[in-house]
Structure formats: structure tokens, C-alpha cells
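Okay, structure32.csv now, which holds CSV, C-alpha atoms:
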chain,number,residue,atom,x,y,z
W,1,MET,CA,-60.0,-15.4,39.5
W,2,ASN,CA,-61.7,-13.1,42.0
W,3,GLU,CA,-65.1,-13.6,43.5
W,4,ASN,CA,-66.8,-10.9,41.4
W,5,THR,CA,-65.7,-12.6,38.2
W,6,ASN,CA,-67.1,-15.9,39.5
W,7,ILE,CA,-70.5,-14.3,40.1
W,8,LYS,CA,-70.4,-12.7,36.7
W,9,ILE,CA,-69.8,-16.1,35.1
W,10,LYS,CA,-72.6,-17.6,37.2
W,11,ILE,CA,-75.1,-14.9,36.1
W,12,LYS,CA,-74.0,-15.2,32.4
W,13,SER,CA,-74.6,-18.9,32.5
W,14,ILE,CA,-78.1,-18.4,34.1
W,15,LEU,CA,-78.9,-16.0,31.2
W,16,GLU,CA,-77.6,-18.4,28.6
W,17,LYS,CA,-79.7,-21.2,29.9
W,18,ASN,CA,-82.9,-19.2,30.2
W,19,GLU,CA,-84.4,-17.2,27.4
W,20,VAL,CA,-86.7,-15.3,29.7
W,21,CYS,CA,-85.2,-14.8,33.1
W,22,LEU,CA,-86.7,-12.9,36.0
W,23,PHE,CA,-84.5,-12.1,38.9
W,24,MET,CA,-87.0,-11.7,41.7
W,25,LYS,CA,-87.7,-11.9,45.4
W,26,GLY,CA,-89.5,-15.2,46.0
W,27,THR,CA,-90.7,-17.6,43.3
W,28,PRO,CA,-93.2,-17.1,40.5
W,29,GLU,CA,-95.6,-19.3,42.6
W,30,VAL,CA,-94.9,-17.4,45.8
W,31,PRO,CA,-93.5,-13.9,45.2
W,32,GLN,CA,-92.1,-12.3,48.4
W,33,CYS,CA,-92.4,-8.7,47.2
W,34,GLY,CA,-95.1,-6.7,45.5
W,35,PHE,CA,-92.9,-5.5,42.7
W,36,SER,CA,-91.7,-9.1,41.9
W,37,LEU,CA,-95.3,-10.2,42.0
W,38,ALA,CA,-96.3,-7.5,39.5
W,39,VAL,CA,-93.7,-8.5,36.9
W,40,SER,CA,-94.4,-12.2,37.4
W,41,ASN,CA,-98.1,-11.5,36.9
W,42,VAL,CA,-97.4,-9.6,33.6
W,43,LEU,CA,-95.4,-12.6,32.3
W,44,LYS,CA,-98.1,-15.1,33.5
W,45,HIS,CA,-100.8,-13.0,31.8
W,46,LEU,CA,-98.9,-13.1,28.5
W,47,GLU,CA,-98.3,-16.8,29.1
W,48,VAL,CA,-94.6,-16.4,28.6
W,49,LYS,CA,-92.5,-19.3,29.7
W,50,PHE,CA,-90.0,-17.8,32.1
W,51,ASN,CA,-87.5,-18.9,34.8
W,52,GLY,CA,-87.8,-17.0,38.1
W,53,ILE,CA,-84.5,-16.8,39.9
W,54,ASN,CA,-85.1,-16.3,43.6
W,55,VAL,CA,-82.4,-13.8,44.8
W,56,LEU,CA,-83.4,-14.3,48.4
W,57,GLU,CA,-82.0,-17.8,48.2
W,58,ASP,CA,-78.6,-16.6,46.9
W,59,PRO,CA,-77.1,-13.4,48.4
W,60,GLU,CA,-74.3,-13.5,45.9
W,61,ILE,CA,-76.7,-13.3,43.0
W,62,ARG,CA,-78.8,-10.7,44.8
W,63,GLU,CA,-75.8,-8.3,45.0
W,64,GLY,CA,-74.1,-9.6,41.8
W,65,ILE,CA,-77.1,-8.9,39.5
W,66,LYS,CA,-77.3,-5.3,40.7
W,67,THR,CA,-73.7,-4.7,39.6
W,68,PHE,CA,-74.1,-6.8,36.5
W,69,SER,CA,-77.1,-4.8,35.2
W,70,ASP,CA,-76.0,-1.5,36.9
W,71,TRP,CA,-79.5,-1.4,38.3
W,72,PRO,CA,-80.0,-1.1,42.1
W,73,THR,CA,-83.3,-2.9,42.5
W,74,ILE,CA,-85.0,-6.3,42.2
W,75,PRO,CA,-87.0,-7.5,40.1
W,76,GLN,CA,-85.0,-7.4,36.9
W,77,LEU,CA,-86.2,-8.9,33.6
W,78,TYR,CA,-83.8,-10.3,31.0
W,79,ILE,CA,-84.9,-11.6,27.6
W,80,LYS,CA,-82.3,-13.5,25.6
W,81,GLY,CA,-79.5,-12.0,27.6
W,82,GLU,CA,-80.8,-8.4,27.2
W,83,PHE,CA,-81.7,-6.4,30.3
W,84,ILE,CA,-85.3,-5.1,29.7
W,85,GLY,CA,-86.0,-3.3,33.0
W,86,GLY,CA,-87.4,-3.3,36.5
W,87,CYS,CA,-91.0,-3.3,37.7
W,88,ASP,CA,-92.0,0.3,36.5
W,89,ILE,CA,-90.5,-0.2,33.1
W,90,ILE,CA,-92.0,-3.6,32.5
W,91,LYS,CA,-95.5,-2.4,33.6
W,92,GLU,CA,-95.3,0.6,31.4
W,93,MET,CA,-94.0,-1.4,28.4
W,94,PHE,CA,-96.8,-3.9,28.9
W,95,GLU,CA,-99.4,-1.1,29.0
W,96,LYS,CA,-98.0,0.4,25.8
W,97,LYS,CA,-97.7,-3.1,24.2
W,98,GLU,CA,-93.9,-2.5,23.9
W,99,LEU,CA,-93.2,-5.6,25.9
W,100,GLN,CA,-95.3,-7.6,23.5
W,101,SER,CA,-93.3,-6.1,20.6
W,102,LYS,CA,-90.1,-6.9,22.4
W,103,LEU,CA,-91.1,-10.5,22.9
W,104,ALA,CA,-92.1,-10.8,19.2
W,105,GLU,CA,-88.8,-9.3,18.1
W,106,LYS,CA,-86.9,-11.8,20.3
W,107,LYS,CA,-89.1,-14.6,19.0
W,108,ILE,CA,-90.4,-15.5,22.4
W,109,PRO,CA,-93.9,-17.1,22.2
W,110,TYR,CA,-96.6,-15.2,24.1
W,111,LYS,CA,-100.4,-14.8,24.1
W,112,ASN,CA,-102.1,-11.5,23.7
I,1,MET,CA,-84.1,3.3,57.6
I,2,GLY,CA,-85.9,5.5,55.2
I,3,LEU,CA,-85.4,8.7,53.4
I,4,ARG,CA,-87.4,11.9,53.8
I,5,LEU,CA,-89.4,13.1,50.8
I,6,GLU,CA,-87.5,16.5,50.8
I,7,GLU,CA,-84.2,14.6,50.7
I,8,ILE,CA,-85.2,12.6,47.7
I,9,GLU,CA,-86.4,15.7,46.0
I,10,SER,CA,-83.2,17.7,46.7
I,11,LEU,CA,-80.9,14.8,45.6
I,12,ILE,CA,-82.8,14.6,42.3
I,13,LYS,CA,-82.7,18.4,41.9
I,14,GLU,CA,-79.0,18.4,42.4
I,15,ALA,CA,-78.4,16.0,39.5
I,16,LEU,CA,-81.2,17.1,37.3
I,17,PRO,CA,-81.6,20.9,38.0
I,18,ASP,CA,-84.4,21.4,35.5
I,19,ALA,CA,-86.5,18.5,36.8
I,20,GLN,CA,-90.2,18.9,37.6
I,21,ILE,CA,-90.7,16.5,40.4
I,22,THR,CA,-93.9,15.1,42.1
I,23,ILE,CA,-93.3,12.7,44.9
I,24,GLN,CA,-95.9,10.8,46.9
I,25,ASP,CA,-95.2,8.9,50.1
I,26,LEU,CA,-97.3,5.8,49.4
I,27,ALA,CA,-97.4,4.2,52.8
I,28,GLY,CA,-96.5,7.1,55.1
I,29,ASP,CA,-93.4,5.2,56.2
I,30,GLU,CA,-90.7,7.2,54.4
I,31,ASN,CA,-89.8,4.0,52.6
I,32,HIS,CA,-92.3,3.6,49.8
I,33,TYR,CA,-92.6,6.4,47.3
I,34,SER,CA,-93.8,7.1,43.9
I,35,ALA,CA,-92.2,9.8,41.8
I,36,THR,CA,-93.0,11.5,38.5
I,37,ILE,CA,-90.0,13.3,37.1
I,38,LYS,CA,-89.9,15.4,34.0
I,39,SER,CA,-86.6,16.7,32.7
I,40,LYS,CA,-85.0,17.9,29.4
I,41,ILE,CA,-82.0,15.7,30.3
I,42,PHE,CA,-84.2,12.6,29.6
I,43,THR,CA,-84.6,13.6,25.9
I,44,GLY,CA,-83.5,10.9,23.5
I,45,LYS,CA,-82.6,8.5,26.4
I,46,SER,CA,-84.2,5.0,26.8
I,47,LYS,CA,-86.4,4.4,29.9
I,48,ILE,CA,-83.6,2.3,31.4
I,49,ASP,CA,-81.1,5.2,31.1
I,50,GLN,CA,-83.6,7.7,32.4
I,51,HIS,CA,-84.2,5.6,35.5
I,52,LYS,CA,-80.5,5.0,35.9
I,53,LEU,CA,-80.0,8.8,36.0
I,54,VAL,CA,-82.5,9.0,38.8
I,55,TYR,CA,-80.9,6.1,40.7
I,56,LYS,CA,-77.4,7.8,40.2
I,57,ALA,CA,-78.9,11.0,41.6
I,58,LEU,CA,-79.9,9.1,44.7
I,59,LYS,CA,-76.2,8.2,45.2
I,60,GLY,CA,-76.6,4.5,46.1
I,61,LYS,CA,-79.5,5.1,48.5
I,62,MET,CA,-81.9,3.3,46.2
I,63,GLY,CA,-82.2,-0.3,47.3
I,64,ASN,CA,-80.5,0.5,50.6
I,65,GLU,CA,-81.9,3.3,52.7
I,66,LEU,CA,-84.7,3.6,50.3
I,67,HIS,CA,-86.7,0.4,49.7
I,68,ALA,CA,-89.2,1.4,47.1
I,69,LEU,CA,-89.4,4.3,44.7
I,70,ALA,CA,-91.8,3.7,41.8
I,71,LEU,CA,-90.5,5.9,38.9
I,72,ASN,CA,-92.3,7.5,36.0
I,73,THR,CA,-89.8,9.6,34.0
I,74,MET,CA,-90.8,11.8,31.1
I,75,GLU,CA,-89.1,14.1,28.7
I,76,LEU,CA,-89.8,17.8,29.5
I,77,LYS,CA,-91.0,19.5,26.3

Starting from the coordinates I provided, produce the structure as C-alpha cells.
Amino acid sequence: MNENTNIKIKIKSILEKNEVCLFMKGTPEVPQCGFSLAVSNVLKHLEVKFNGINVLEDPEIREGIKTFSDWPTIPQLYIKGEFIGGCDIIKEMFEKKELQSKLAEKKIPYKN
Amino acid sequence: MGLRLEEIESLIKEALPDAQITIQDLAGDENHYSATIKSKIFTGKSKIDQHKLVYKALKGKMGNELHALALNTMELK
């Protein structure tokens, strides 16, 4: 099994264990990048329980998630294994209440 | 590191010839930009796919030479 397959398995297992998963720079408590901070704040505002994966602590995940999602930037938000988007998309979805609909559709508790 | 505004614009134009592009250099450091892009090619595509088209146009520079490009993509009517 090559290295890429291992990282893919690792990412899949993270996604299976966490219903709402934010791949980010830093932690939800101490984000290390403005874009990660913004998405983290949206989720906090909606009182969504999420797991922040700090890609700065794991270079393999940092590169691996970009290939996995076919998306070149961090943060990346996943809900129940589905890639929802990066910072611009999440902010836009939140403003248009589409993120709230997505959470409802996926049966993730949140507060309006 | 960094990418000139004109380079970003021409890379996007190359991939999306009909695109109407407005780019702002947010910090004056050639590394933090914000772009509004309108194109007919976005029609019927999800936001994720629209942004992916722009990232592909930038040929791997996004996240490497180019640190931050806030995107707002729209269908051109």
C-alpha cells in the first residue's frame, strides 16, 4: 500500500468519526489564519458541535486533504463526509441561510 | 512569493475567455486578493465547481505562490 492510500484512509476515518469536521490552520480556540477563524466563527455562531483538525500539526493531512477534496486551500468544511466548501463558500452559504438548510438536511443540530 | 494582479487576470481569462473579472489587491503585498468573476461557463454549476474552475485556471498557483484569493463567482446572464 503506498503512502497516498494511507493518507486517504486516515482522512476517511477522520470523516467517519466526526459528523462536522473542519480542516483548519490552528484550533477552534486559537485559529492561526483569518480564513480558518472566519469559518470557525460561523460554526460557533450557529452553535454547531464540530471537530477542528489542525493541519499545521500534520503535514501529511495538510497536503492529503487538498488532493482528497481536489481543493487547493485550507480551511475545508465537511459535513457527514460531504465536502461543503472553503471560506468564501461557507460565508456566502451562511449569509444566504444555505448552510443552515444544509445542516438541517444532514440532521446536524444548530441554533439560528 | 506572490503573483501580480495582471498575471491572475490573464490566467483566468485564458481558461474563461468570456469572464468579467474584478480583482483587488487587499494588502498591497501581491499575496492577498479578492476577485469577483462573472462567466457564462459557471451556469448550472455548483459554487464548489465554479471555484474549482478558477483554481484550475490558476494552474496550481493557488495555495502555493498565491496565498489568498477570496472568490466570488457568478453566472453571467

Could you please select, counting only C-alpha atoms, the residues of chain W within 10 Å of chain I and state them as a ChimeraX atom specification? /W:35,66,70-74,83-89,92-93

To one decimal in Å, tell me the separation between CA of Leu26 (chain I) and CA of Leu5 (chain I). 10.8 Å

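Proximity to Ser13 (chain W) was assessed for W:Lys102, W:Gly81, W:Thr27, W:Lys97 counting all atoms listed in the file; the smallest distance is recorded for W:Gly81.
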
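What separates CA of Ile37 (chain I) from CA of Leu103 (chain W) is a distance of 27.7 Å.
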
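Distances to Lys25 (chain W) were evaluated for W:Val48, W:Ala38, W:Ile79, W:Ala104 using only C-alpha atoms, and the minimum falls at W:Ala38.
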
With distances taken over only C-alpha atoms, which residue among W:Val39, W:Ile108, W:Leu46, W:Leu56 lies nearest Lys91 (chain W)? W:Val39

I'd like to know which of W:Ile7, W:Glu63, W:Asn112, W:Gly26 is closest to His45 (chain W), using all atoms listed in the file. W:Asn112

Could you list, as an MDAnalysis selection string, every residue within 9 Å of Ile8 (chain I), counting all atoms listed in the file and ignoring same-chain residues fewer than 6 positions away? chainID I and resid 23 57:58

Residue neighbourhood Asn41 (chain W), 10 Å, only C-alpha atoms, exclusion window fewer than 6 positions, as a list of chain:residue names: W:Pro28, W:Glu29, W:Pro31, W:Phe35, W:Glu47

Surrounding residues of Met74 (chain I) excluding itself and chain neighbours under 2 positions, 12 Å, all atoms listed in the file, as a PyMOL selection string: chain I and resi 19-22+35-51+54+71-72+76-77

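You will find CA of Ile11 (chain W) at 12.4 Å from CA of Gln76 (chain W).
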